[in-house]
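Asks: My structure is below; once you've seen it, I'll send some questions.
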Amino acid sequence: MNSHTQHTDPFKDREAVENLALPFARIFHDSQEAIMVTDRYSKIVSVNPAFVSITGYEQSEVIGQKPSMLKSDFQDSDYYINMWASIHKDGKWQGEIWNRRKNGEIYPEWLSISSVKDENGELINYVGMFSDITNRKNTISKLRLHAQVFSNASEGIMITDKQLKILSVNQAFTLMTGYSEQEAIGHTPRLLHSGLQNQLFYVKMWEKIHAYGFWQGEIWNKRKTGELYPEWLSITTLRDENGFITNYIGMFTDITERKQSEENLKYLAHFDKLTGLPNRTLLSELVHEASAKATKTNRKLAVFFIDLDRFKMVNDSLGHNMGDKLLKQVAERLTSVVRKDDIVSRLGGDEFIIVLQDLQDPEEATLIANHLIASIKKPFWVEDNELYINASIGICMYPTHGGDFGTLIKNADLAMYQAKIQNGGYQIFNESIINTFLRKLDLENELRWAISKKQLTLHYQPQISVETGQMEGMEALIRWNHPTLGAVSPGEFIPIAEETGSIMEIGKWVLKEVCSQINSWLSSSYVVPPIAVNLSARQFMAPDLASTIRNIVTQSNVDPHYIVIEITESSSMNDIESVLPILHEFKSFGFQIAIDDFGKGYSALGYMKQFPIDILKIDKSFVRELTSDSRSVVITKAIIDMSHGMNLRVIAEGVETEEQLECLRGMNCDIVQGYLKDRPMSSEQLEMRYLRE
């Protein structure tokens, strides 16, 4: 052997290999991607920590196993056939695959598989590397969602760079402005400027954007067609992680319809829809301005309260449509008689107010009043009908008869009623009319003591079944007998009680008396039907109304099913949002609920299904006209059918003739109440006539 032949040191070769393998081992261990090495038979021989972290399997659990232990069954067999075909052909494969963790959770991963061969080309291993792409998939989904929101949003959206150059717009932007994305990109938002806002507007707008990163408000812009339109615009600043501005986002809504609605509402809030005249709200403002001017110039105002005589007959006989056309002609005629600076207003119905300005003497007012009456007496032609009406006018002077709008209207109203009593014409407010006030004051004062002095009593009016003729219920009606004033009509003192607030105590007294009467009749072994107790609109203003009524009934040991809470249609419709919860409370306590005077003027049929009612009472005005007005027949039948469709019982009020009863019977009305059957009577009389053991 040649002494110069070099021999290799096997220990040094092993060291060199180990030194070379060390970096690869470090990479294998520290890689954020999971690495799985199998032998040529696909049995796992090694995995790295990332594999353990992603799959949940420890190395000891997978060594010797096959990768199929991770299969989720999300992919079908063809998927794997194609995958291995690619590996055998090209020595590698990569793609998205869904696998299963140790805890059973299925997750997406991005997997690459490579085959490893020795120097002779023989397959020795497979290496699989994969990363969990759950977060990336979620991010992509969110981006798609955001893109859909951007594209499909109903608001116009515009994204600009920090120099305000438009980068992107959505479909709503194009629909509202008329500019396509291609037409808008590269321009600034000045493309839309209408010129209606001055430079100061934009200076202040950008001051807020720079200070707070946000601005919103109403602005007028211009469409591609040149049309100006209002929009509600919000501008938001976007910043990067270092706080530097990167973009601005503008979002806007076309508020043309809303603005038009606001203008319509503003008009309706101040003008009568039928005649176009100022309504009560605007009249109040105009009278305030006119009275201030009159005081300053030392002149007088005259306020006319005008009520049309015989209008109701026209309205009832020819229909509301004809009545409305007549009212429009009356408005035109009144306006033509007065001077340019005078004010003509419609309060509602057939009531008008005229304010004469710049008067020196009341005689000027009476002269114009005579002209107005003469003008109204002339025939009106409405759809080939020659119609004749008259007018009653109450007159009061500012400042002699009142210093504010409410007083002037009230005094003119009183004077008008005095004129009406005298069969038309005009009446100037005077001291004798004050007697009306004095009586009202007397009633107010005496009403405060009516309960304690035991001047109030209850009468009961029976409610009779149309089918059987038996009493199905009754209504408790209050009566006031004063030792000096005599019998005071409920129609006179109830409004006063509501105005002064004494209706609250009166209402409690009525309910206590009814409960006491029920107990008395029950103790005598009488069969007692439900008794209706009326609640006024004023009583609904009490926050504890429902609990107060429940407590009275509970403390009286009366079962709530004996009580029917009766409310007028007008009081229930005035403030539906606050009345509904109270009615539901009544219902939950076990009371029955009835709507009184239905059809009298509100008839909000759409709301009726919201009310937890049991009984609907048809207003007597319809019943009165059943035999004389075909429209009343149609309306009454419709109300009854609607009520039955809602499983409500129907009571017809004010039935006074057999003809009315027969008509109601033919409509399948359930119950009638009125003088035909019986008048309201004392408890003793009702007991003798109707109650049975």
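So you can find residues: chains in the structure tokens are A, B, ... in the order shown, residues in each start at 1, and ligands are numbered from 1 in order.
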Would you kindly return, as a JSON list (two decimals) with N, CA and C atoms, in the first residue's frame, each protein, DNA or RNA residue with an atom no farther than 7 Å from any atom of Ile395 in chain A, considering only C-alpha atoms and excluding same-chain residues fewer than 3 positions away?
Replies:
```
[["chain", "number", "residue", "atom", "x", "y", "z"],
["A", 302, "ALA", "N", -110.37, 93.02, 15.03],
["A", 302, "ALA", "CA", -111.66, 92.35, 15.26],
["A", 302, "ALA", "C", -111.49, 90.88, 14.90],
["A", 303, "VAL", "N", -111.92, 90.00, 15.80],
["A", 303, "VAL", "CA", -111.86, 88.56, 15.55],
["A", 303, "VAL", "C", -113.28, 88.06, 15.33],
["A", 304, "PHE", "N", -113.52, 87.48, 14.15],
["A", 304, "PHE", "CA", -114.82, 86.92, 13.80],
["A", 304, "PHE", "C", -114.76, 85.40, 13.95],
["A", 305, "PHE", "N", -115.69, 84.84, 14.70],
["A", 305, "PHE", "CA", -115.85, 83.39, 14.74],
["A", 305, "PHE", "C", -117.10, 83.07, 13.93],
["A", 412, "ALA", "N", -115.08, 85.14, 21.09],
["A", 412, "ALA", "CA", -115.76, 85.21, 19.79],
["A", 412, "ALA", "C", -116.66, 83.99, 19.61],
["A", 415, "ALA", "N", -119.79, 84.52, 21.63],
["A", 415, "ALA", "CA", -120.64, 85.48, 20.94],
["A", 415, "ALA", "C", -121.32, 84.84, 19.74],
["A", 427, "GLN", "N", -123.08, 88.85, 16.42],
["A", 427, "GLN", "CA", -123.22, 89.26, 17.81],
["A", 427, "GLN", "C", -121.84, 89.68, 18.31],
["A", 428, "ILE", "N", -121.77, 90.92, 18.83],
["A", 428, "ILE", "CA", -120.53, 91.38, 19.44],
["A", 428, "ILE", "C", -120.49, 90.90, 20.89],
["A", 429, "PHE", "N", -119.35, 90.44, 21.31],
["A", 429, "PHE", "CA", -119.20, 89.98, 22.69],
["A", 429, "PHE", "C", -119.54, 91.11, 23.65]]
```
Asks: Find the residues around Tyr460 in chain A up to 9 Å (only C-alpha atoms counted), leave out those fewer than 4 positions away in its own chain, and share them as a list in words.
Replies: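 Surrounding residues, per the criterion: Met474, Glu475, Ala476, Leu477, Ile478, Ile531, Arg679, Pro680, Met681, Ser682, Ser683 and Leu686 of chain A.
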Asks: Just list as a PyMOL selection string whatever in range 415-644 of chain A DSSP marks as strand (DSSP E).
Replies: chain A and resi 425-428+456-465+471-482+486-488+531-535+563-568+592-598+615-618
Asks: I'd like the contact shell of range 593-597 of chain A - 7 Å cut-off, only C-alpha atoms, skipping same-chain residues fewer than 2 positions apart - returned as a CSV table (one decimal) with N, CA and C atoms, in the first residue's frame.
Replies:
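Writing the result to out26.csv gives the following:
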```csv
chain,number,residue,atom,x,y,z
A,564,VAL,N,-116.9,46.4,32.7
A,564,VAL,CA,-116.5,46.7,31.4
A,564,VAL,C,-115.9,48.2,31.4
A,565,ILE,N,-114.7,48.3,31.0
A,565,ILE,CA,-114.0,49.6,30.9
A,565,ILE,C,-114.4,50.2,29.5
A,566,GLU,N,-115.1,51.3,29.6
A,566,GLU,CA,-115.6,51.8,28.3
A,566,GLU,C,-114.9,53.1,28.0
A,567,ILE,N,-114.2,53.2,26.8
A,567,ILE,CA,-113.5,54.4,26.4
A,567,ILE,C,-114.1,54.9,25.1
A,568,THR,N,-114.0,56.2,24.9
A,568,THR,CA,-114.5,56.7,23.6
A,568,THR,C,-113.5,56.5,22.5
A,569,GLU,N,-113.9,56.4,21.3
A,569,GLU,CA,-113.0,56.2,20.2
A,569,GLU,C,-112.0,57.4,20.1
A,591,PHE,N,-110.5,42.7,33.2
A,591,PHE,CA,-111.6,43.6,32.8
A,591,PHE,C,-112.0,43.3,31.3
A,599,GLY,N,-117.0,55.4,15.2
A,599,GLY,CA,-117.4,56.0,13.9
A,599,GLY,C,-117.7,57.4,14.0
A,600,LYS,N,-117.6,58.0,15.2
A,600,LYS,CA,-118.0,59.4,15.4
A,600,LYS,C,-117.1,60.4,14.7
A,613,ILE,N,-109.8,44.7,22.7
A,613,ILE,CA,-111.2,45.1,23.1
A,613,ILE,C,-112.1,43.9,22.9
A,614,ASP,N,-113.2,43.9,23.6
A,614,ASP,CA,-114.3,42.9,23.6
A,614,ASP,C,-115.6,43.4,22.9
A,615,ILE,N,-115.8,44.7,23.1
A,615,ILE,CA,-117.1,45.2,22.6
A,615,ILE,C,-116.9,46.5,21.8
A,616,LEU,N,-117.7,46.7,20.8
A,616,LEU,CA,-117.6,47.9,20.0
A,616,LEU,C,-119.0,48.5,20.0
A,617,LYS,N,-119.1,49.8,20.4
A,617,LYS,CA,-120.4,50.5,20.4
A,617,LYS,C,-120.5,51.5,19.3
A,618,ILE,N,-121.5,51.2,18.4
A,618,ILE,CA,-121.7,52.1,17.3
A,618,ILE,C,-122.4,53.4,17.7
A,619,ASP,N,-121.8,54.5,17.3
A,619,ASP,CA,-122.3,55.8,17.7
A,619,ASP,C,-123.7,56.0,17.3
```
Asks: Could you work out how far CA of Ser154 in chain A lies from CA of Thr237 in chain A, giving the answer in Å with one decimal?
Replies: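 Going from CA of Thr237 in chain A over to CA of Ser154 in chain A covers 20.9 Å.
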Asks: What separation in Å, quoted to one decimal, exists between CA of Glu585 in chain A and CA of Glu653 in chain A?
Replies: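 Rounded to one decimal, the two atoms are 26.7 Å apart.
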Asks: Sort by chain and increasing residue number a table of all residues of range 62-134 of chain A within 9 Å of range 48-51 of chain A, each with its closest pair of atoms and their distance in Å to one decimal, counting only C-alpha atoms, and write it as a Markdown table.
Replies:
```
| residue | atom | partner | partner_atom | distance |
| --- | --- | --- | --- | --- |
| A:Met129 | CA | A:Phe51 | CA | 8.9 |
| A:Phe130 | CA | A:Phe51 | CA | 8.3 |
| A:Ser131 | CA | A:Ala50 | CA | 8.7 |
```
Asks: Show which residues sit within 7 Å of Trp220 in chain A, as a PyMOL selection string. Count only C-alpha atoms, and ignore same-chain residues fewer than 3 positions away.
Replies: chain A and resi 194+196+228-231
Asks: Identify which of the residues A:Tyr212, A:Phe589, A:Trp381, A:Tyr41 lies closest to Leu123 in chain A, counting only C-alpha atoms when measuring atom-to-atom distances.
Replies: A:Tyr41
Asks: Quick one: everything within 8 Å of Arg665 in chain A, counting only C-alpha atoms, minus sequence neighbours fewer than 4 positions away in the same chain. Send it as a tab-separated table (two decimals) with C-alpha atoms, in the first residue's frame.
Replies:
```tsv
chain	number	residue	atom	x	y	z
A	466	VAL	CA	-131.47	41.70	19.97
A	467	GLU	CA	-131.99	37.94	19.70
A	661	LEU	CA	-134.28	47.96	15.82
A	669	CYS	CA	-126.30	43.46	15.64
```
Asks: When you count only C-alpha atoms, which of these residues is closest to Asn534 in chain A: A:Gln422, A:Ile506, A:Asn551, A:Glu351?
Replies: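 Looking only at the distances to Asn534 in chain A, the closest residue turns out to be A:Ile506.
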Asks: Please give the complete set of residues from range 535-646 of chain A that DSSP, run on the backbone, assigns to alpha helix (DSSP H), formatted as a PyMOL selection string.
Replies: chain A and resi 545-555+569-574+576-589+605-608+620-624+630-645
Asks: Can you tell me, as a CSV table (one decimal) with C-alpha atoms, in the first residue's frame, what residues are no more than 10 Å from Glu285 in chain A when counting only C-alpha atoms, ignoring any on the same chain fewer than 5 positions away?
Replies:
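In the end it all went to result.csv:
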```csv
chain,number,residue,atom,x,y,z
A,270,HIS,CA,-99.9,75.4,9.1
A,280,ARG,CA,-105.4,77.1,14.0
A,290,ALA,CA,-101.2,91.3,14.3
A,405,PHE,CA,-105.3,84.4,21.1
```
